[in-house]
>>> print(open('run_29.txt').read())   # compact mmCIF, C-alpha atoms
# COMPACT_ATOMS: atom_id res chain seq x y z
CA MET A 1 34.96 184.55 106.62
CA VAL A 2 35.07 187.75 108.67
CA LYS A 3 34.90 187.97 112.46
CA ILE A 4 34.39 191.28 114.18
CA TYR A 5 35.36 191.85 117.83
CA ALA A 6 33.99 194.85 119.69
CA PHE A 7 33.10 196.28 123.09
CA VAL A 8 29.36 196.88 123.00
CA ASN A 9 28.04 198.59 126.15
CA SER A 10 31.31 197.70 127.90
CA HIS A 11 30.82 194.02 127.05
CA PHE A 12 33.16 192.07 124.78
CA LYS A 13 31.27 190.55 121.83
CA VAL A 14 32.08 188.60 118.68
CA PHE A 15 30.20 189.03 115.40
CA ASN A 16 30.32 186.93 112.22
CA LEU A 17 29.85 189.03 109.13
CA SER A 18 27.21 187.58 106.82
CA GLU A 19 24.30 188.76 104.78
CA ASP A 20 21.92 187.83 107.59
CA ASN A 21 23.42 190.06 110.29
CA ILE A 22 24.85 193.07 108.46
CA ASP A 23 22.50 195.34 110.37
CA ASP A 24 23.70 193.93 113.72
CA ILE A 25 27.45 194.55 113.37
CA PRO A 26 28.98 197.12 115.74
CA SER A 27 29.77 200.69 114.88
CA LYS A 28 33.24 201.99 114.16
CA ASP A 29 33.56 203.49 117.65
CA GLU A 30 32.87 200.09 119.31
CA LEU A 31 35.22 198.16 117.06
CA ILE A 32 38.61 196.79 118.21
CA TRP A 33 39.44 193.98 115.74
CA VAL A 34 38.30 192.77 112.31
CA ASP A 35 39.82 189.39 111.48
CA MET A 36 39.44 188.54 107.77
CA PHE A 37 40.15 184.93 106.82
CA SER A 38 40.12 184.29 103.05
CA PRO A 39 37.71 187.21 102.52
CA SER A 40 35.62 187.57 99.39
CA SER A 41 35.58 190.66 97.18
CA ASP A 42 32.07 191.50 98.47
CA GLU A 43 33.34 191.46 102.07
CA PHE A 44 36.22 193.72 101.10
CA ARG A 45 33.88 196.22 99.48
CA PHE A 46 31.43 196.20 102.38
CA LEU A 47 34.06 196.73 105.08
CA GLU A 48 35.83 199.36 103.02
CA LYS A 49 32.61 201.32 102.75
CA TYR A 50 31.14 200.66 106.22
CA TYR A 51 34.32 201.23 108.29
CA GLU A 52 36.15 203.48 105.79
CA ILE A 53 39.14 201.11 105.57
CA GLU A 54 41.71 201.46 102.78
CA PHE A 55 42.87 197.93 101.92
CA PRO A 56 46.24 197.37 100.18
CA THR A 57 46.25 195.77 96.75
CA LYS A 58 47.44 192.19 96.24
CA GLN A 59 50.62 193.48 94.63
CA GLU A 60 51.37 195.70 97.64
CA THR A 61 50.75 192.74 99.96
CA GLU A 62 53.29 190.55 98.15
CA GLU A 63 56.02 193.22 97.87
CA ILE A 64 59.33 192.21 99.47
CA GLU A 65 60.84 195.67 99.99
CA ILE A 66 60.48 196.96 103.54
CA SER A 67 59.13 200.26 102.22
CA SER A 68 56.22 198.32 100.75
CA ARG A 69 55.79 196.00 103.73
CA TYR A 70 55.41 198.83 106.25
CA TRP A 71 53.95 202.23 105.57
CA GLU A 72 52.37 204.81 107.82
CA SER A 73 50.06 207.67 107.00
CA ASP A 74 48.15 210.23 109.04
CA LYS A 75 45.18 207.87 109.03
CA ASP A 76 46.63 204.38 109.60
CA ILE A 77 49.58 201.97 109.77
CA THR A 78 49.69 199.15 107.22
CA ILE A 79 51.97 196.14 107.69
CA ASN A 80 52.60 193.05 105.57
CA SER A 81 54.41 190.49 107.71
CA TYR A 82 55.69 186.94 107.15
CA PHE A 83 54.13 184.22 109.30
CA LEU A 84 55.79 180.81 109.13
CA VAL A 85 53.63 177.78 108.30
CA VAL A 86 55.28 174.43 109.16
CA ASP A 87 54.23 171.14 107.59
CA GLY A 88 56.41 168.28 108.86
CA ASP A 89 60.07 169.12 108.18
CA ALA A 90 59.11 171.70 105.55
CA GLY A 91 57.93 175.26 106.02
CA HIS A 92 57.06 178.37 104.07
CA ASN A 93 56.12 181.96 104.87
CA GLU A 94 52.60 183.29 104.43
CA THR A 95 51.97 187.03 104.27
CA VAL A 96 49.55 188.47 106.85
CA THR A 97 48.34 192.07 106.51
CA PHE A 98 47.75 194.34 109.53
CA ILE A 99 45.93 197.67 109.28
CA LEU A 100 45.94 199.72 112.46
CA GLN A 101 43.43 202.53 112.07
CA ASP A 102 42.11 204.78 114.82
CA ASN A 103 41.52 202.41 117.77
CA PHE A 104 40.89 199.17 115.89
CA LEU A 105 42.93 196.55 114.03
CA VAL A 106 42.20 194.77 110.75
CA THR A 107 44.00 191.53 109.87
CA ILE A 108 43.88 189.78 106.49
CA ARG A 109 45.10 186.19 106.16
CA TYR A 110 44.55 183.18 103.93
CA ARG A 111 45.70 180.34 106.21
CA GLU A 112 44.66 179.09 109.61
CA LEU A 113 47.34 180.29 112.00
CA LYS A 114 47.87 179.07 115.55
CA THR A 115 49.00 182.55 116.60
CA PHE A 116 45.56 184.06 116.06
CA GLY A 117 43.91 181.34 118.13
CA GLU A 118 46.32 182.04 121.00
CA CYS A 119 45.50 185.76 120.86
CA LEU A 120 41.77 185.09 120.80
CA ARG A 121 41.99 182.85 123.88
CA LYS A 122 43.81 185.64 125.74
CA MET A 123 41.15 188.14 124.70
CA ILE A 124 38.31 185.90 125.89
CA ALA A 125 40.08 185.18 129.19
CA ASN A 126 40.96 188.81 129.92
CA PRO A 127 39.19 191.24 127.55
CA SER A 128 39.92 194.30 129.69
CA SER A 129 43.65 193.99 128.87
CA PHE A 130 42.95 194.68 125.20
CA LYS A 131 42.06 198.35 125.21
CA ASP A 132 42.40 198.90 121.45
CA GLY A 133 43.76 197.40 118.25
CA SER A 134 47.39 198.11 119.07
CA TYR A 135 47.21 195.78 122.10
CA ILE A 136 45.83 193.02 119.86
CA MET A 137 48.59 193.53 117.30
CA SER A 138 51.19 193.44 120.06
CA SER A 139 49.70 190.20 121.40
CA ILE A 140 49.71 188.58 117.93
CA PHE A 141 53.36 189.46 117.30
CA GLU A 142 54.32 188.28 120.78
CA ALA A 143 52.60 184.93 120.25
CA ARG A 144 54.20 184.61 116.81
CA ILE A 145 57.71 185.20 118.19
CA ASP A 146 57.10 182.64 120.96
CA LEU A 147 55.95 180.12 118.35
CA ASP A 148 59.03 180.79 116.20
CA ALA A 149 61.18 180.15 119.28
CA ASP A 150 59.43 176.78 119.82
CA ILE A 151 59.96 175.85 116.16
CA LEU A 152 63.66 176.75 116.43
CA GLU A 153 64.06 174.63 119.57
CA ASN A 154 62.39 171.67 117.88
CA LEU A 155 64.61 172.14 114.82
CA SER A 156 67.68 172.22 117.07
CA ARG A 157 66.65 168.90 118.64
CA ASN A 158 66.17 167.37 115.19
CA VAL A 159 69.64 168.55 114.15
CA SER A 160 71.14 166.96 117.29
CA ASN A 161 69.34 163.68 116.59
CA LEU A 162 70.58 163.74 112.99
CA ARG A 163 74.15 164.08 114.22
CA LYS A 164 73.71 161.06 116.53
CA LYS A 165 72.23 158.97 113.71
CA LEU A 166 75.10 159.98 111.45
CA PHE A 167 77.71 158.45 113.77
CA ALA A 168 75.50 155.47 114.65
CA ASN A 169 74.99 154.59 110.95
CA ASP A 170 71.23 154.38 111.59
CA ILE A 171 70.26 156.33 108.48
CA ALA A 172 70.91 156.00 104.75
CA ASP A 173 73.13 158.48 102.94
CA GLU A 174 70.24 159.75 100.80
CA ASP A 175 68.10 160.35 103.91
CA ILE A 176 70.93 162.32 105.56
CA LEU A 177 71.24 164.67 102.57
CA GLU A 178 67.45 165.05 102.38
CA SER A 179 67.23 165.86 106.10
CA ILE A 180 70.01 168.45 105.85
CA TYR A 181 68.21 170.06 102.91
CA HIS A 182 64.85 170.23 104.73
CA TYR A 183 66.40 171.55 107.96
CA GLU A 184 68.38 174.25 106.14
CA ASN A 185 65.28 175.27 104.18
CA LEU A 186 63.19 175.49 107.37
CA ASN A 187 65.91 177.42 109.18
CA THR A 188 66.15 179.84 106.23
CA ASN A 189 62.39 180.47 106.29
CA ILE A 190 62.45 181.04 110.06
CA ARG A 191 65.32 183.49 109.63
CA ASP A 192 63.45 185.35 106.86
CA SER A 193 60.38 185.59 109.09
CA LEU A 194 62.40 186.84 112.07
CA ILE A 195 64.30 189.45 110.05
CA ASP A 196 60.94 190.63 108.72
CA LYS A 197 59.69 190.99 112.32
CA GLN A 198 62.88 192.80 113.27
CA ARG A 199 62.39 195.44 110.58
CA ILE A 200 58.68 195.86 111.27
CA ILE A 201 59.12 196.21 115.04
CA SER A 202 61.93 198.71 114.49
CA SER A 203 59.56 200.77 112.35
CA LEU A 204 56.77 200.49 114.94
CA LEU A 205 59.11 201.77 117.67
CA LYS A 206 59.58 204.96 115.63
CA SER A 207 55.83 205.48 115.18
CA ARG A 208 54.05 208.25 117.06
CA LYS A 209 50.72 206.45 116.86
CA LEU A 210 51.61 203.85 119.52
CA SER A 211 51.50 204.35 123.26
CA ASP A 212 54.57 204.00 125.47
CA VAL A 213 53.17 200.77 126.97
CA ILE A 214 52.95 199.12 123.54
CA LYS A 215 56.40 200.39 122.59
CA ASP A 216 57.82 198.86 125.78
CA ASN A 217 56.32 195.51 124.74
CA PHE A 218 57.87 195.82 121.29
CA ARG A 219 61.28 196.70 122.79
CA ILE A 220 61.21 193.40 124.67
CA MET A 221 60.11 191.58 121.51
CA ILE A 222 62.93 192.95 119.38
CA LYS A 223 65.47 191.68 121.90
CA ASP A 224 63.88 188.22 121.68
CA VAL A 225 63.92 188.43 117.87
CA ASN A 226 67.63 189.35 117.85
CA SER A 227 68.48 186.38 120.06
CA LEU A 228 66.44 184.04 117.81
CA ILE A 229 68.24 185.35 114.71
CA ASP A 230 71.54 184.45 116.42
CA PHE A 231 70.06 181.00 117.12
CA THR A 232 69.37 180.51 113.39
CA ARG A 233 73.04 181.28 112.67
CA TYR A 234 73.98 178.61 115.22
CA ASN A 235 71.73 176.09 113.46
CA PHE A 236 73.32 176.93 110.11
CA ASP A 237 76.79 176.34 111.59
CA ARG A 238 75.71 172.99 113.02
CA LEU A 239 74.17 171.87 109.74
CA ASP A 240 77.34 172.86 107.87
CA TYR A 241 79.36 170.92 110.45
CA ILE A 242 77.16 167.82 109.99
CA GLN A 243 77.40 168.12 106.21
CA ASN A 244 81.21 168.33 106.39
CA ILE A 245 81.34 165.30 108.69
CA PHE A 246 79.04 163.39 106.34
CA LEU A 247 81.21 164.22 103.33
CA GLY A 248 84.31 163.22 105.30
CA LEU A 249 82.81 159.87 106.29
CA LEU A 250 81.66 159.35 102.71
CA ASN A 251 85.21 160.00 101.46
CA ILE A 252 86.58 157.52 104.00
CA GLU A 253 84.16 154.84 102.82
CA GLN A 254 85.04 155.51 99.19
CA ASN A 255 88.76 155.35 100.02
CA LYS A 256 88.23 151.99 101.71
CA VAL A 257 86.52 150.62 98.60
CA ILE A 258 89.26 151.98 96.35
CA LYS A 259 91.88 150.50 98.69
CA ILE A 260 90.25 147.06 98.50
CA PHE A 261 90.23 147.15 94.71
CA THR A 262 93.86 148.32 94.68
CA VAL A 263 94.98 145.50 96.98
CA VAL A 264 93.07 142.91 94.94
CA ASN A 265 94.68 144.18 91.72
CA VAL A 266 98.15 144.09 93.28
CA ILE A 267 97.59 140.54 94.58
CA PHE A 268 96.37 139.11 91.27
CA LEU A 269 98.68 141.06 88.95
CA PRO A 270 101.87 138.90 89.56
CA PRO A 271 100.01 135.56 89.19
CA THR A 272 98.44 136.90 86.00
CA LEU A 273 101.91 137.77 84.70
CA VAL A 274 103.20 134.26 85.48
CA ALA A 275 100.17 132.65 83.85
CA SER A 276 100.61 134.88 80.80
CA VAL A 277 104.28 133.92 80.46
CA TYR A 278 103.57 130.19 80.63
CA GLY A 279 100.63 130.56 78.33
CA MET A 280 102.86 131.63 75.42
CA ASN A 281 102.99 129.33 72.37
CA PHE A 282 106.63 129.67 71.30
CA GLU A 283 108.29 126.63 69.67
CA PHE A 284 111.23 126.73 72.07
CA PHE A 285 109.94 126.60 75.67
CA PRO A 286 112.47 125.19 78.24
CA GLU A 287 109.84 124.03 80.76
CA LEU A 288 107.41 122.69 78.15
CA HIS A 289 108.45 119.05 78.55
CA TRP A 290 109.65 119.40 82.14
CA LYS A 291 108.03 116.89 84.49
CA TYR A 292 107.45 119.47 87.24
CA GLY A 293 106.69 122.43 84.98
CA TYR A 294 102.96 122.53 85.75
CA LEU A 295 103.52 122.42 89.54
CA PHE A 296 106.34 124.96 89.25
CA ALA A 297 104.00 127.41 87.46
CA TRP A 298 101.38 126.99 90.19
CA PHE A 299 104.02 127.54 92.86
CA LEU A 300 105.15 130.78 91.22
CA MET A 301 101.57 132.06 90.93
CA ILE A 302 100.71 131.28 94.57
CA ALA A 303 104.00 132.69 95.87
CA SER A 304 103.61 135.89 93.82
CA ALA A 305 100.10 136.32 95.26
CA ILE A 306 101.14 135.74 98.90
CA LEU A 307 104.20 137.99 98.79
CA PRO A 308 102.27 141.30 98.22
CA VAL A 309 99.84 140.39 101.03
CA TYR A 310 102.79 139.84 103.39
CA ILE A 311 104.41 143.13 102.40
CA PHE A 312 101.12 145.08 102.76
CA LYS A 313 100.48 143.68 106.25
CA LYS A 314 104.04 144.34 107.36
CA LYS A 315 103.76 147.97 106.22
CA GLY A 316 100.37 148.34 107.94
CA TRP A 317 98.52 149.05 104.71
CA MET A 318 95.93 146.32 105.32
>>> encode(input="run_29.txt", output="structure tokens")
Amino acid sequence: MVKIYAFVNSHFKVFNLSEDNIDDIPSKDELIWVDMFSPSSDEFRFLEKYYEIEFPTKQETEEIEISSRYWESDKDITINSYFLVVDGDAGHNETVTFILQDNFLVTIRYRELKTFGECLRKMIANPSSFKDGSYIMSSIFEARIDLDADILENLSRNVSNLRKKLFANDIADEDILESIYHYENLNTNIRDSLIDKQRIISSLLKSRKLSDVIKDNFRIMIKDVNSLIDFTRYNFDRLDYIQNIFLGLLNIEQNKVIKIFTVVNVIFLPPTLVASVYGMNFEFFPELHWKYGYLFAWFLMIASAILPVYIFKKKGWM
């Protein structure tokens, strides 16, 4: 699906590219934004020919190196940027391509993203503020950074709640480890996305194709990005702290169990020794025909069991 946004006769209009209305789409001079959502190969070929757009290959889109994720030529600026997609406690980064050429912007994406909806609402509400494609790109990045900040705040609340549940014993050990894993994974993906924005915005600030107004917007954004990256470090520290506390509590519980088994063994070891002695089958046994031999053996077993308990309690070991 391809949507084309343009100013036709000073009026803001939206066009859906299809076989039925190819003749009605605006000219290159009227164009400000081409939003391509899961485009087909036919749509790529048509737009490449009609608007003279050079699209990056799939391999170039998926490259990790910053030199491949941002490049600028005399004709255009091409950017491949990470956009975080959150599903519950999990999240992953989707690559979105931006091509800023002349006065219009082309975006290529394969997922529905809330950021683009926010930008579109701003355009419909105040179209005169979006003079060309660079203003749209600035608005998209600004909305994306704001959304990342909201995700980080929500993650921080979840981490705080996890810490409370840890001390309240309201959650199983397996669930604690699973939550720590998901939160660290989400925080890592947010950090990767923010560092990607940091590098891209730094490159855009060096570009001569952008106006001073747009560069001022990006200077504010990069400060926000830097503060959010620091926030991700804070979340990592908190998660490490919770994990250390959890392991400490787990060790305490294990030590308690081992202590119980140790005390039980110490209590029953002397009576077992007494019973073993009087269970011997030697021919000469002094207490074998003694009238009180049976009761005496019981007395020794009970006394040898009580004595370690008394000593342990006196020493404060129980």
>>> closest_residue(input="run_29.txt", among="A:Leu147, A:Gln198, A:Val106, A:Thr97", to="A:Glu48", atoms="all atoms listed in the file")
A:Val106
>>> residues_around(input="run_29.txt", residues="A:Phe236", least_positions_apart="3", cutoff="9 Å", atoms="only C-alpha atoms", output="PyMOL selection string")
chain A and resi 184+187-188+231-233+239-241
>>> residues_around(input="run_29.txt", residues="stretch 242-259 of chain A", least_positions_apart="5", cutoff="12 Å", atoms="all atoms listed in the file", output="PDB file with C-alpha atoms, in the coordinates of the input")
ATOM      1  CA  VAL A 159      69.640 168.550 114.150  1.00  0.00           C
ATOM      2  CA  SER A 160      71.140 166.960 117.290  1.00  0.00           C
ATOM      3  CA  ASN A 161      69.340 163.680 116.590  1.00  0.00           C
ATOM      4  CA  LEU A 162      70.580 163.740 112.990  1.00  0.00           C
ATOM      5  CA  ARG A 163      74.150 164.080 114.220  1.00  0.00           C
ATOM      6  CA  LYS A 164      73.710 161.060 116.530  1.00  0.00           C
ATOM      7  CA  LYS A 165      72.230 158.970 113.710  1.00  0.00           C
ATOM      8  CA  LEU A 166      75.100 159.980 111.450  1.00  0.00           C
ATOM      9  CA  PHE A 167      77.710 158.450 113.770  1.00  0.00           C
ATOM     10  CA  ALA A 168      75.500 155.470 114.650  1.00  0.00           C
ATOM     11  CA  ASN A 169      74.990 154.590 110.950  1.00  0.00           C
ATOM     12  CA  ILE A 171      70.260 156.330 108.480  1.00  0.00           C
ATOM     13  CA  ALA A 172      70.910 156.000 104.750  1.00  0.00           C
ATOM     14  CA  ASP A 173      73.130 158.480 102.940  1.00  0.00           C
ATOM     15  CA  GLU A 174      70.240 159.750 100.800  1.00  0.00           C
ATOM     16  CA  ASP A 175      68.100 160.350 103.910  1.00  0.00           C
ATOM     17  CA  ILE A 176      70.930 162.320 105.560  1.00  0.00           C
ATOM     18  CA  LEU A 177      71.240 164.670 102.570  1.00  0.00           C
ATOM     19  CA  GLU A 178      67.450 165.050 102.380  1.00  0.00           C
ATOM     20  CA  SER A 179      67.230 165.860 106.100  1.00  0.00           C
ATOM     21  CA  ILE A 180      70.010 168.450 105.850  1.00  0.00           C
ATOM     22  CA  TYR A 181      68.210 170.060 102.910  1.00  0.00           C
ATOM     23  CA  TYR A 183      66.400 171.550 107.960  1.00  0.00           C
ATOM     24  CA  GLU A 184      68.380 174.250 106.140  1.00  0.00           C
ATOM     25  CA  ASN A 235      71.730 176.090 113.460  1.00  0.00           C
ATOM     26  CA  PHE A 236      73.320 176.930 110.110  1.00  0.00           C
ATOM     27  CA  ASP A 237      76.790 176.340 111.590  1.00  0.00           C
ATOM     28  CA  VAL A 264      93.070 142.910  94.940  1.00  0.00           C
ATOM     29  CA  ASN A 265      94.680 144.180  91.720  1.00  0.00           C
ATOM     30  CA  VAL A 266      98.150 144.090  93.280  1.00  0.00           C
ATOM     31  CA  PHE A 312     101.120 145.080 102.760  1.00  0.00           C
ATOM     32  CA  TRP A 317      98.520 149.050 104.710  1.00  0.00           C
ATOM     33  CA  MET A 318      95.930 146.320 105.320  1.00  0.00           C
TER      34      MET A 318
END
>>> atom_distance(input="run_29.txt", atom1="atom CA of A:Glu30", atom2="atom CA of A:Lys49")
16.6 Å
>>> closest_residue(input="run_29.txt", among="A:Tyr110, A:Phe130, A:Trp71, A:Tyr135", to="A:Ser211", atoms="only C-alpha atoms")
A:Tyr135
>>> atom_distance(input="run_29.txt", atom1="atom CA of A:Thr107", atom2="atom CA of A:Ser81")
10.7 Å
>>> closest_residue(input="run_29.txt", among="A:Val277, A:Ile4, A:Leu194, A:Ile302", to="A:Ile151", atoms="only C-alpha atoms")
A:Leu194
>>> axis_aligned_box(input="run_29.txt", around="stretch 295-307 of chain A", padding_each_side="5 Å", output="lines of an AutoDock Vina configuration file")
center_x = 103.2
center_y = 130.2
center_z = 93.2
size_x = 16.2
size_y = 25.6
size_z = 21.4
>>> residues_near_point(input="run_29.txt", point="(56.7, 191.5, 106.1)", cutoff="6 Å", atoms="all atoms listed in the file", output="list of chain:residue names")
A:Arg69, A:Asn80, A:Ser81, A:Tyr82, A:Asp196
>>> atom_distance(input="run_29.txt", atom1="atom CA of A:Lys114", atom2="atom CA of A:Leu204")
23.2 Å
>>> closest_residue(input="run_29.txt", among="A:Phe55, A:Lys75, A:Ser41, A:Asp35", to="A:Gly117", atoms="only C-alpha atoms")
A:Asp35
>>> closest_residue(input="run_29.txt", among="A:Lys206, A:Leu120, A:Leu300, A:Lys314", to="A:Val14", atoms="only C-alpha atoms")
A:Leu120
>>> closest_residue(input="run_29.txt", among="A:Asn189, A:Ala143, A:Ile201, A:Pro26", to="A:Glu94", atoms="only C-alpha atoms")
A:Asn189
>>> decode(input="run_29.txt", residues="stretch 106-195 of chain A", atoms="C-alpha atoms", output="JSON list (two decimals), in the first residue's frame")
[["chain", "number", "residue", "atom", "x", "y", "z"],
["A", 106, "VAL", "CA", 9.86, 8.71, 0.94],
["A", 107, "THR", "CA", 9.38, 6.21, 3.78],
["A", 108, "ILE", "CA", 9.45, 2.42, 3.43],
["A", 109, "ARG", "CA", 8.16, 0.23, 6.26],
["A", 110, "TYR", "CA", 6.72, -3.24, 6.75],
["A", 111, "ARG", "CA", 4.88, -2.81, 10.07],
["A", 112, "GLU", "CA", 2.12, -0.56, 11.31],
["A", 113, "LEU", "CA", 3.85, 2.04, 13.47],
["A", 114, "LYS", "CA", 2.13, 4.40, 15.89],
["A", 115, "THR", "CA", 4.70, 7.10, 15.11],
["A", 116, "PHE", "CA", 3.48, 7.52, 11.54],
["A", 117, "GLY", "CA", -0.12, 7.88, 12.68],
["A", 118, "GLU", "CA", 0.92, 10.64, 15.10],
["A", 119, "CYS", "CA", 2.75, 12.49, 12.32],
["A", 120, "LEU", "CA", -0.22, 12.18, 9.97],
["A", 121, "ARG", "CA", -2.60, 13.61, 12.57],
["A", 122, "LYS", "CA", -0.30, 16.62, 12.99],
["A", 123, "MET", "CA", -0.17, 17.11, 9.22],
["A", 124, "ILE", "CA", -3.96, 17.02, 8.89],
["A", 125, "ALA", "CA", -4.41, 19.39, 11.84],
["A", 126, "ASN", "CA", -1.80, 21.91, 10.67],
["A", 127, "PRO", "CA", -0.61, 21.21, 7.09],
["A", 128, "SER", "CA", 1.01, 24.62, 6.67],
["A", 129, "SER", "CA", 3.68, 23.68, 9.25],
["A", 130, "PHE", "CA", 4.98, 20.93, 6.96],
["A", 131, "LYS", "CA", 6.68, 22.89, 4.21],
["A", 132, "ASP", "CA", 8.64, 19.98, 2.73],
["A", 133, "GLY", "CA", 9.80, 16.43, 3.38],
["A", 134, "SER", "CA", 12.45, 17.42, 5.92],
["A", 135, "TYR", "CA", 9.74, 18.77, 8.27],
["A", 136, "ILE", "CA", 7.89, 15.46, 8.00],
["A", 137, "MET", "CA", 11.05, 13.48, 8.76],
["A", 138, "SER", "CA", 11.76, 15.71, 11.74],
["A", 139, "SER", "CA", 8.21, 15.18, 13.02],
["A", 140, "ILE", "CA", 8.47, 11.39, 12.66],
["A", 141, "PHE", "CA", 11.77, 11.23, 14.57],
["A", 142, "GLU", "CA", 10.41, 13.54, 17.25],
["A", 143, "ALA", "CA", 7.32, 11.37, 17.73],
["A", 144, "ARG", "CA", 9.48, 8.24, 17.78],
["A", 145, "ILE", "CA", 11.75, 9.64, 20.51],
["A", 146, "ASP", "CA", 8.71, 10.66, 22.58],
["A", 147, "LEU", "CA", 7.30, 7.15, 22.21],
["A", 148, "ASP", "CA", 10.63, 5.60, 23.26],
["A", 149, "ALA", "CA", 10.56, 7.83, 26.34],
["A", 150, "ASP", "CA", 7.05, 6.56, 27.21],
["A", 151, "ILE", "CA", 8.18, 2.94, 26.76],
["A", 152, "LEU", "CA", 11.18, 3.55, 29.04],
["A", 153, "GLU", "CA", 8.97, 5.11, 31.73],
["A", 154, "ASN", "CA", 6.59, 2.15, 31.58],
["A", 155, "LEU", "CA", 9.54, -0.25, 31.77],
["A", 156, "SER", "CA", 10.87, 1.63, 34.80],
["A", 157, "ARG", "CA", 7.50, 1.24, 36.56],
["A", 158, "ASN", "CA", 7.48, -2.49, 35.79],
["A", 159, "VAL", "CA", 10.98, -2.84, 37.24],
["A", 160, "SER", "CA", 9.86, -1.04, 40.42],
["A", 161, "ASN", "CA", 6.82, -3.31, 40.73],
["A", 162, "LEU", "CA", 9.04, -6.37, 40.25],
["A", 163, "ARG", "CA", 11.25, -5.24, 43.11],
["A", 164, "LYS", "CA", 8.20, -4.85, 45.39],
["A", 165, "LYS", "CA", 6.92, -8.31, 44.46],
["A", 166, "LEU", "CA", 10.35, -9.76, 45.12],
["A", 167, "PHE", "CA", 10.33, -8.66, 48.77],
["A", 168, "ALA", "CA", 6.62, -9.42, 49.21],
["A", 169, "ASN", "CA", 7.08, -13.02, 47.95],
["A", 170, "ASP", "CA", 4.13, -12.50, 45.58],
["A", 171, "ILE", "CA", 5.84, -14.09, 42.58],
["A", 172, "ALA", "CA", 7.45, -17.46, 41.84],
["A", 173, "ASP", "CA", 11.20, -17.74, 41.35],
["A", 174, "GLU", "CA", 10.79, -18.82, 37.72],
["A", 175, "ASP", "CA", 8.56, -15.81, 36.99],
["A", 176, "ILE", "CA", 11.13, -13.45, 38.53],
["A", 177, "LEU", "CA", 13.91, -14.76, 36.28],
["A", 178, "GLU", "CA", 11.62, -14.63, 33.24],
["A", 179, "SER", "CA", 10.61, -11.04, 34.01],
["A", 180, "ILE", "CA", 14.24, -9.96, 34.45],
["A", 181, "TYR", "CA", 15.09, -11.56, 31.11],
["A", 182, "HIS", "CA", 12.23, -9.85, 29.25],
["A", 183, "TYR", "CA", 12.92, -6.44, 30.83],
["A", 184, "GLU", "CA", 16.65, -6.62, 30.04],
["A", 185, "ASN", "CA", 15.88, -7.68, 26.47],
["A", 186, "LEU", "CA", 13.41, -4.80, 26.01],
["A", 187, "ASN", "CA", 15.82, -2.31, 27.57],
["A", 188, "THR", "CA", 18.59, -3.55, 25.24],
["A", 189, "ASN", "CA", 16.39, -3.07, 22.17],
["A", 190, "ILE", "CA", 15.39, 0.42, 23.30],
["A", 191, "ARG", "CA", 19.05, 1.28, 23.81],
["A", 192, "ASP", "CA", 19.97, -0.05, 20.34],
["A", 193, "SER", "CA", 17.18, 2.04, 18.81],
["A", 194, "LEU", "CA", 18.26, 5.19, 20.68],
["A", 195, "ILE", "CA", 21.95, 4.79, 19.81]]
